[in-house]
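Pasting query22.cif here (mmCIF, C-alpha atoms):
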data_start
#
loop_
_atom_site.group_PDB
_atom_site.id
_atom_site.type_symbol
_atom_site.label_atom_id
_atom_site.label_comp_id
_atom_site.auth_asym_id
_atom_site.auth_seq_id
_atom_site.Cartn_x
_atom_site.Cartn_y
_atom_site.Cartn_z
ATOM 1 C CA MET A 20 -39.663 90.174 292.259
ATOM 2 C CA ALA A 21 -38.709 86.941 294.051
ATOM 3 C CA SER A 22 -35.780 86.433 291.681
ATOM 4 C CA SER A 23 -34.454 89.962 292.363
ATOM 5 C CA VAL A 24 -34.609 89.310 296.147
ATOM 6 C CA LEU A 25 -32.788 86.021 295.604
ATOM 7 C CA LEU A 26 -30.123 87.749 293.519
ATOM 8 C CA LYS A 27 -29.683 90.441 296.190
ATOM 9 C CA ARG A 28 -29.316 87.768 298.904
ATOM 10 C CA SER A 29 -26.882 85.815 296.754
ATOM 11 C CA GLY A 30 -24.862 88.998 296.161
ATOM 12 C CA LEU A 31 -24.864 89.776 299.889
ATOM 13 C CA MET A 32 -23.597 86.279 300.750
ATOM 14 C CA LYS A 33 -20.826 86.520 298.124
ATOM 15 C CA SER A 34 -19.867 89.929 299.497
ATOM 16 C CA MET A 35 -19.722 88.570 303.072
ATOM 17 C CA VAL A 36 -17.604 85.565 302.039
ATOM 18 C CA ASN A 37 -15.259 87.792 300.032
ATOM 19 C CA SER A 38 -14.852 90.202 302.951
ATOM 20 C CA PHE A 39 -14.117 87.271 305.291
ATOM 21 C CA GLN A 40 -11.504 85.964 302.853
ATOM 22 C CA ALA A 41 -9.994 89.414 302.333
ATOM 23 C CA SER A 42 -9.710 89.978 306.070
ATOM 24 C CA ARG A 43 -8.258 86.504 306.699
ATOM 25 C CA ALA A 44 -5.010 86.923 308.566
ATOM 26 C CA TYR A 45 -3.333 83.550 308.678
ATOM 27 C CA ALA A 46 -2.702 82.286 312.162
ATOM 28 C CA SER A 47 0.648 82.825 313.797
ATOM 29 C CA VAL A 48 0.294 79.335 315.244
ATOM 30 C CA ALA A 49 1.880 76.650 313.054
ATOM 31 C CA VAL A 50 2.991 73.037 312.988
ATOM 32 C CA GLY A 51 5.535 72.670 315.782
ATOM 33 C CA THR A 52 3.943 75.288 318.042
ATOM 34 C CA ASP A 53 3.625 74.274 321.689
ATOM 35 C CA LEU A 54 0.063 75.255 322.581
ATOM 36 C CA ILE A 55 0.761 75.315 326.303
ATOM 37 C CA SER A 56 3.660 77.775 325.834
ATOM 38 C CA ALA A 57 1.777 79.831 323.223
ATOM 39 C CA ALA A 58 -1.130 80.359 325.639
ATOM 40 C CA PRO A 59 0.421 79.841 329.091
ATOM 41 C CA ASP A 60 -2.307 81.453 331.194
ATOM 42 C CA VAL A 61 -5.283 80.214 329.191
ATOM 43 C CA SER A 62 -7.924 77.927 330.619
ATOM 44 C CA LEU A 63 -11.037 76.649 328.886
ATOM 45 C CA GLN A 64 -14.465 75.988 330.325
ATOM 46 C CA LYS A 65 -15.678 72.398 329.984
ATOM 47 C CA ALA A 66 -19.261 72.180 328.700
ATOM 48 C CA ARG A 67 -21.699 71.705 331.583
ATOM 49 C CA THR A 68 -25.068 72.651 333.012
ATOM 50 C CA TRP A 69 -25.466 75.738 335.181
ATOM 51 C CA ASP A 70 -25.831 73.551 338.296
ATOM 52 C CA GLU A 71 -22.605 71.707 337.436
ATOM 53 C CA GLY A 72 -20.919 75.098 337.031
ATOM 54 C CA VAL A 73 -22.104 76.208 340.471
ATOM 55 C CA SER A 74 -21.076 72.951 342.163
ATOM 56 C CA SER A 75 -17.592 73.146 340.576
ATOM 57 C CA LYS A 76 -17.322 76.782 341.714
ATOM 58 C CA PHE A 77 -17.052 77.682 338.024
ATOM 59 C CA ALA A 78 -13.781 75.788 337.652
ATOM 60 C CA THR A 79 -11.837 76.073 334.417
ATOM 61 C CA THR A 80 -9.414 73.646 332.791
ATOM 62 C CA PRO A 81 -5.819 74.776 332.103
ATOM 63 C CA LEU A 82 -4.464 73.830 328.663
ATOM 64 C CA LYS A 83 -1.759 71.674 330.246
ATOM 65 C CA ASP A 84 -4.472 69.438 331.741
ATOM 66 C CA ILE A 85 -6.023 69.029 328.291
ATOM 67 C CA PHE A 86 -2.839 68.375 326.275
ATOM 68 C CA LYS A 87 0.055 67.207 328.492
ATOM 69 C CA ASP A 88 1.129 63.618 327.729
ATOM 70 C CA LYS A 89 -1.882 63.113 325.437
ATOM 71 C CA LYS A 90 -2.711 62.713 321.760
ATOM 72 C CA VAL A 91 -5.550 65.121 321.037
ATOM 73 C CA VAL A 92 -7.516 66.154 317.974
ATOM 74 C CA ILE A 93 -8.995 69.610 318.528
ATOM 75 C CA PHE A 94 -11.206 71.603 316.209
ATOM 76 C CA GLY A 95 -12.436 75.161 316.490
ATOM 77 C CA LEU A 96 -15.473 76.652 314.875
ATOM 78 C CA PRO A 97 -17.340 79.970 314.745
ATOM 79 C CA GLY A 98 -20.159 79.039 317.088
ATOM 80 C CA ALA A 99 -22.645 76.672 318.605
ATOM 81 C CA TYR A 100 -25.964 76.272 316.797
ATOM 82 C CA THR A 101 -24.639 77.747 313.540
ATOM 83 C CA GLY A 102 -25.268 76.104 310.173
ATOM 84 C CA VAL A 103 -22.025 74.532 308.923
ATOM 85 C CA CYS A 104 -20.862 73.858 312.496
ATOM 86 C CA SER A 105 -23.994 71.861 313.354
ATOM 87 C CA ALA A 106 -24.687 70.176 310.022
ATOM 88 C CA GLN A 107 -21.146 69.274 308.929
ATOM 89 C CA HIS A 108 -18.244 70.119 311.226
ATOM 90 C CA VAL A 109 -19.246 68.379 314.487
ATOM 91 C CA PRO A 110 -20.816 65.349 312.708
ATOM 92 C CA SER A 111 -17.570 64.810 310.739
ATOM 93 C CA TYR A 112 -15.836 64.096 314.068
ATOM 94 C CA LYS A 113 -18.709 62.341 315.831
ATOM 95 C CA ASN A 114 -19.143 59.900 312.933
ATOM 96 C CA ASN A 115 -15.413 59.043 312.965
ATOM 97 C CA ILE A 116 -14.870 58.750 316.722
ATOM 98 C CA ASP A 117 -14.102 55.004 316.601
ATOM 99 C CA LYS A 118 -11.483 55.589 313.881
ATOM 100 C CA PHE A 119 -9.827 58.309 315.990
ATOM 101 C CA LYS A 120 -9.741 55.991 319.022
ATOM 102 C CA ALA A 121 -8.286 53.198 316.858
ATOM 103 C CA LYS A 122 -5.422 55.566 315.952
ATOM 104 C CA GLY A 123 -4.646 56.098 319.646
ATOM 105 C CA ILE A 124 -6.286 59.507 320.046
ATOM 106 C CA ASP A 125 -6.990 60.163 323.743
ATOM 107 C CA SER A 126 -9.628 62.827 323.131
ATOM 108 C CA VAL A 127 -11.409 64.717 320.389
ATOM 109 C CA ILE A 128 -12.222 68.279 321.452
ATOM 110 C CA CYS A 129 -14.524 70.938 320.018
ATOM 111 C CA VAL A 130 -13.887 74.539 321.102
ATOM 112 C CA ALA A 131 -15.754 77.742 320.261
ATOM 113 C CA VAL A 132 -16.017 81.286 321.560
ATOM 114 C CA ASN A 133 -19.165 80.484 323.545
ATOM 115 C CA ASP A 134 -19.962 79.924 327.197
ATOM 116 C CA PRO A 135 -19.839 76.361 328.573
ATOM 117 C CA TYR A 136 -23.610 76.216 329.117
ATOM 118 C CA VAL A 137 -24.395 76.943 325.459
ATOM 119 C CA MET A 138 -21.730 74.415 324.433
ATOM 120 C CA ASN A 139 -23.339 71.824 326.716
ATOM 121 C CA GLY A 140 -26.849 72.383 325.330
ATOM 122 C CA TRP A 141 -25.548 72.236 321.770
ATOM 123 C CA ALA A 142 -23.533 69.043 322.409
ATOM 124 C CA GLU A 143 -26.637 67.395 323.848
ATOM 125 C CA LYS A 144 -28.791 68.532 320.911
ATOM 126 C CA LEU A 145 -26.251 67.037 318.471
ATOM 127 C CA GLN A 146 -26.006 63.891 320.626
ATOM 128 C CA ALA A 147 -22.229 64.300 320.460
ATOM 129 C CA ASN A 148 -21.371 64.830 324.133
ATOM 130 C CA GLU A 149 -20.452 61.168 324.681
ATOM 131 C CA ALA A 150 -17.989 61.102 321.763
ATOM 132 C CA ILE A 151 -16.504 64.612 321.795
ATOM 133 C CA GLU A 152 -15.382 66.863 324.650
ATOM 134 C CA PHE A 153 -16.842 70.353 324.250
ATOM 135 C CA TYR A 154 -15.167 73.444 325.706
ATOM 136 C CA GLY A 155 -16.065 77.105 325.729
ATOM 137 C CA ASP A 156 -13.427 79.756 325.118
ATOM 138 C CA LEU A 157 -15.634 82.340 326.777
ATOM 139 C CA ASP A 158 -13.510 85.442 326.189
ATOM 140 C CA GLY A 159 -11.640 84.092 323.154
ATOM 141 C CA SER A 160 -8.299 83.940 325.029
ATOM 142 C CA LEU A 161 -7.191 80.715 323.365
ATOM 143 C CA HIS A 162 -8.086 81.912 319.895
ATOM 144 C CA LYS A 163 -6.515 85.340 320.496
ATOM 145 C CA SER A 164 -3.296 83.701 321.710
ATOM 146 C CA LEU A 165 -3.157 81.564 318.575
ATOM 147 C CA ASP A 166 -4.222 84.383 316.236
ATOM 148 C CA LEU A 167 -7.294 82.390 315.236
ATOM 149 C CA MET A 168 -9.936 85.061 315.978
ATOM 150 C CA ILE A 169 -12.116 86.641 313.321
ATOM 151 C CA ASP A 170 -14.662 89.444 313.568
ATOM 152 C CA LEU A 171 -17.983 88.077 312.355
ATOM 153 C CA SER A 172 -20.034 91.126 313.368
ATOM 154 C CA SER A 173 -21.375 91.365 309.815
ATOM 155 C CA ALA A 174 -23.087 88.009 310.467
ATOM 156 C CA LEU A 175 -24.245 89.231 313.923
ATOM 157 C CA LEU A 176 -21.829 86.901 315.711
ATOM 158 C CA GLY A 177 -19.143 89.336 316.924
ATOM 159 C CA PRO A 178 -15.589 88.110 317.611
ATOM 160 C CA ARG A 179 -15.381 84.380 316.932
ATOM 161 C CA SER A 180 -13.009 81.568 316.067
ATOM 162 C CA HIS A 181 -11.848 80.739 312.585
ATOM 163 C CA ARG A 182 -12.809 77.240 311.447
ATOM 164 C CA TRP A 183 -9.750 75.040 312.082
ATOM 165 C CA SER A 184 -8.470 71.658 313.245
ATOM 166 C CA ALA A 185 -5.232 70.338 314.733
ATOM 167 C CA TYR A 186 -3.590 67.108 315.792
ATOM 168 C CA VAL A 187 -1.661 67.775 318.996
ATOM 169 C CA VAL A 188 0.789 65.442 320.753
ATOM 170 C CA ASP A 189 1.915 66.397 324.280
ATOM 171 C CA GLY A 190 0.930 70.006 323.600
ATOM 172 C CA LYS A 191 2.781 70.310 320.276
ATOM 173 C CA ILE A 192 0.909 70.820 317.017
ATOM 174 C CA LYS A 193 1.717 68.052 314.533
ATOM 175 C CA VAL A 194 -0.983 68.947 311.957
ATOM 176 C CA LEU A 195 -2.863 72.235 311.515
ATOM 177 C CA ASN A 196 -5.669 73.040 309.078
ATOM 178 C CA VAL A 197 -7.295 76.499 308.872
ATOM 179 C CA GLU A 198 -10.138 77.302 306.491
ATOM 180 C CA LYS A 199 -9.794 80.400 304.275
ATOM 181 C CA ALA A 200 -13.246 81.612 305.381
ATOM 182 C CA PRO A 201 -15.548 80.558 308.240
ATOM 183 C CA SER A 202 -18.285 79.542 305.812
ATOM 184 C CA GLN A 203 -15.957 77.046 304.121
ATOM 185 C CA PHE A 204 -15.618 73.417 305.156
ATOM 186 C CA GLU A 205 -12.843 71.927 303.045
ATOM 187 C CA VAL A 206 -9.754 71.240 305.190
ATOM 188 C CA SER A 207 -10.879 71.192 308.845
ATOM 189 C CA GLY A 208 -13.226 68.205 308.904
ATOM 190 C CA GLY A 209 -12.822 64.932 310.721
ATOM 191 C CA ASP A 210 -12.258 62.926 307.528
ATOM 192 C CA VAL A 211 -9.397 65.204 306.498
ATOM 193 C CA ILE A 212 -7.463 65.192 309.761
ATOM 194 C CA LEU A 213 -8.051 61.469 310.225
ATOM 195 C CA GLY A 214 -6.033 60.923 307.036
ATOM 196 C CA GLN A 215 -3.247 63.179 308.365
ATOM 197 C CA ILE A 216 -2.622 61.325 311.635
#
Would you put the structure from the file into structure tokens?
Amino acid sequence: MASSVLLKRSGLMKSMVNSFQASRAYASVAVGTDLISAAPDVSLQKARTWDEGVSSKFATTPLKDIFKDKKVVIFGLPGAYTGVCSAQHVPSYKNNIDKFKAKGIDSVICVAVNDPYVMNGWAEKLQANEAIEFYGDLDGSLHKSLDLMIDLSSALLGPRSHRWSAYVVDGKIKVLNVEKAPSQFEVSGGDVILGQI
């Protein structure tokens, strides 16, 4: 009986991965895209506590303030507190932060379709908030603008970000890596993009 349950679960997971891959629409964003022009009215929400949100009057950060005149490595992922994101994706950047700084990177940024308070709690839990800047894309505007949204309702997550990474200089994408499925972690990790800078 246990083996039949295991086989059913295994079949369900394969089915979910295959449906994610089949529905994968490759992003319209590409190397050379100016992120600030591609998403001109988009602002992100820097990770923070509720009290910090209140005291800042719930301020947001325009993309130009994040990217203008800077060298930035940014990575997007399906969500805070999820398996691959917590166990592999964020640590691959946290563990390489000194190497990114040595290459002249001004900031390493993690963004997800979550609110800034969840992102803050998650960053603290991962002990990554000193190394990486975390931002929420609360309504998915950045990811929608870049065609990097995916519907993960079948995994009870709703609309989320694809798993991706980019090296951005003064707002322009120099390197872009997008996984074929959100459960995969092959091309968007810190080790990979570090070798592409």
Give as a list in words the set of residues within 9 Å of the point (-17.7, 72.8, 327.8), where distances use the file's coordinates and only C-alpha atoms. Leu63, Gln64, Lys65, Ala66, Arg67, Cys129, Val130, Asn133, Asp134, Pro135, Tyr136, Val137, Met138, Asn139, Ala142, Glu152, Phe153, Tyr154, Gly155 and Asp156 of chain A
Given the PyMOL selection byres ((chain A and resi 87) around 12) and the file above, list the residues it selects as a PDB file with C-alpha atoms, keeping the file's coordinate frame.
ATOM      1  CA  ASP A  53       3.625  74.274 321.689  1.00  0.00           C
ATOM      2  CA  LEU A  54       0.063  75.255 322.581  1.00  0.00           C
ATOM      3  CA  ILE A  55       0.761  75.315 326.303  1.00  0.00           C
ATOM      4  CA  SER A  56       3.660  77.775 325.834  1.00  0.00           C
ATOM      5  CA  PRO A  81      -5.819  74.776 332.103  1.00  0.00           C
ATOM      6  CA  LEU A  82      -4.464  73.830 328.663  1.00  0.00           C
ATOM      7  CA  LYS A  83      -1.759  71.674 330.246  1.00  0.00           C
ATOM      8  CA  ASP A  84      -4.472  69.438 331.741  1.00  0.00           C
ATOM      9  CA  ILE A  85      -6.023  69.029 328.291  1.00  0.00           C
ATOM     10  CA  PHE A  86      -2.839  68.375 326.275  1.00  0.00           C
ATOM     11  CA  ASP A  88       1.129  63.618 327.729  1.00  0.00           C
ATOM     12  CA  LYS A  89      -1.882  63.113 325.437  1.00  0.00           C
ATOM     13  CA  LYS A  90      -2.711  62.713 321.760  1.00  0.00           C
ATOM     14  CA  VAL A  91      -5.550  65.121 321.037  1.00  0.00           C
ATOM     15  CA  ASP A 125      -6.990  60.163 323.743  1.00  0.00           C
ATOM     16  CA  SER A 126      -9.628  62.827 323.131  1.00  0.00           C
ATOM     17  CA  VAL A 187      -1.661  67.775 318.996  1.00  0.00           C
ATOM     18  CA  VAL A 188       0.789  65.442 320.753  1.00  0.00           C
ATOM     19  CA  ASP A 189       1.915  66.397 324.280  1.00  0.00           C
ATOM     20  CA  GLY A 190       0.930  70.006 323.600  1.00  0.00           C
ATOM     21  CA  LYS A 191       2.781  70.310 320.276  1.00  0.00           C
TER      22      LYS A 191
END
Give me the box for range 191-204 of chain A as lines of an AutoDock Vina configuration file, namely the centre and edge lengths in Å to one decimal of a box along x, y and z that holds every listed atom plus 5 Å on each side.
center_x = -7.8
center_y = 74.8
center_z = 312.2
size_x = 31.1
size_y = 23.6
size_z = 26.2
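Computed from the coordinates, the CA of Ala78 in chain A to CA of Ala131 in chain A distance equals 17.6 Å.
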Residues picked by the PyMOL selection byres ((chain A and resi 113-119) around 10) here, as a list in words?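 On this input, the PyMOL selection byres ((chain A and resi 113-119) around 10) captures Val91, Val92, His108, Val109, Pro110, Ser111, Tyr112, Lys120, Ala121, Lys122, Gly123, Ile124, Asp125, Ser126, Val127, Leu145, Gln146, Ala147, Asn148, Glu149, Ala150, Ile151, Gly209, Asp210, Ile212, Leu213 and Ile216 of chain A.
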Expected file: the selected residues, C-alpha atoms, as a PDB file, in the coordinates of the input:
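The new file out.pdb reads:
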ATOM      1  CA  VAL A  91      -5.550  65.121 321.037  1.00  0.00           C
ATOM      2  CA  VAL A  92      -7.516  66.154 317.974  1.00  0.00           C
ATOM      3  CA  HIS A 108     -18.244  70.119 311.226  1.00  0.00           C
ATOM      4  CA  VAL A 109     -19.246  68.379 314.487  1.00  0.00           C
ATOM      5  CA  PRO A 110     -20.816  65.349 312.708  1.00  0.00           C
ATOM      6  CA  SER A 111     -17.570  64.810 310.739  1.00  0.00           C
ATOM      7  CA  TYR A 112     -15.836  64.096 314.068  1.00  0.00           C
ATOM      8  CA  LYS A 120      -9.741  55.991 319.022  1.00  0.00           C
ATOM      9  CA  ALA A 121      -8.286  53.198 316.858  1.00  0.00           C
ATOM     10  CA  LYS A 122      -5.422  55.566 315.952  1.00  0.00           C
ATOM     11  CA  GLY A 123      -4.646  56.098 319.646  1.00  0.00           C
ATOM     12  CA  ILE A 124      -6.286  59.507 320.046  1.00  0.00           C
ATOM     13  CA  ASP A 125      -6.990  60.163 323.743  1.00  0.00           C
ATOM     14  CA  SER A 126      -9.628  62.827 323.131  1.00  0.00           C
ATOM     15  CA  VAL A 127     -11.409  64.717 320.389  1.00  0.00           C
ATOM     16  CA  LEU A 145     -26.251  67.037 318.471  1.00  0.00           C
ATOM     17  CA  GLN A 146     -26.006  63.891 320.626  1.00  0.00           C
ATOM     18  CA  ALA A 147     -22.229  64.300 320.460  1.00  0.00           C
ATOM     19  CA  ASN A 148     -21.371  64.830 324.133  1.00  0.00           C
ATOM     20  CA  GLU A 149     -20.452  61.168 324.681  1.00  0.00           C
ATOM     21  CA  ALA A 150     -17.989  61.102 321.763  1.00  0.00           C
ATOM     22  CA  ILE A 151     -16.504  64.612 321.795  1.00  0.00           C
ATOM     23  CA  GLY A 209     -12.822  64.932 310.721  1.00  0.00           C
ATOM     24  CA  ASP A 210     -12.258  62.926 307.528  1.00  0.00           C
ATOM     25  CA  ILE A 212      -7.463  65.192 309.761  1.00  0.00           C
ATOM     26  CA  LEU A 213      -8.051  61.469 310.225  1.00  0.00           C
ATOM     27  CA  ILE A 216      -2.622  61.325 311.635  1.00  0.00           C
TER      28      ILE A 216
END
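Pairwise distance (CA of Ile128 in chain A, CA of Arg182 in chain A) equals 13.4 Å.
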d(CA of Ala57 in chain A, CA of Gln215 in chain A) in Å: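 Straight-line distance from CA of Ala57 in chain A to CA of Gln215 in chain A works out to 22.9 Å.
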Identify the residues around (-4.4, 69.9, 313.1) within a radius of 6 Å, measuring from all atoms listed in the file in the coordinates stated by the file, and give them as a count of residues only. 6
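Between Thr52 in chain A and the candidates A:Val211, A:Cys104, A:Leu161, A:Ile192, the tightest atom-to-atom separation, counting all atoms listed in the file, involves A:Ile192.
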Check which residues satisfy the PyMOL selection byres ((chain A and resi 165) around 9) in the file shown, then give them as JSON, numbers by chain. {"A": [46, 47, 48, 49, 54, 57, 58, 160, 161, 162, 163, 164, 166, 167, 168]}
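Distances from A:Val73, A:Val61, A:Val197, A:Leu157 to Gly95 in chain A were compared using all atoms listed in the file, and the smallest one belongs to A:Val197.
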My list of candidates is A:Gly159, A:Val132, A:Ala200, A:Ser62. Which is closest to Gly98 in chain A when distances are computed with only C-alpha atoms?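 Smallest separation from Gly98 in chain A among the options: A:Val132.
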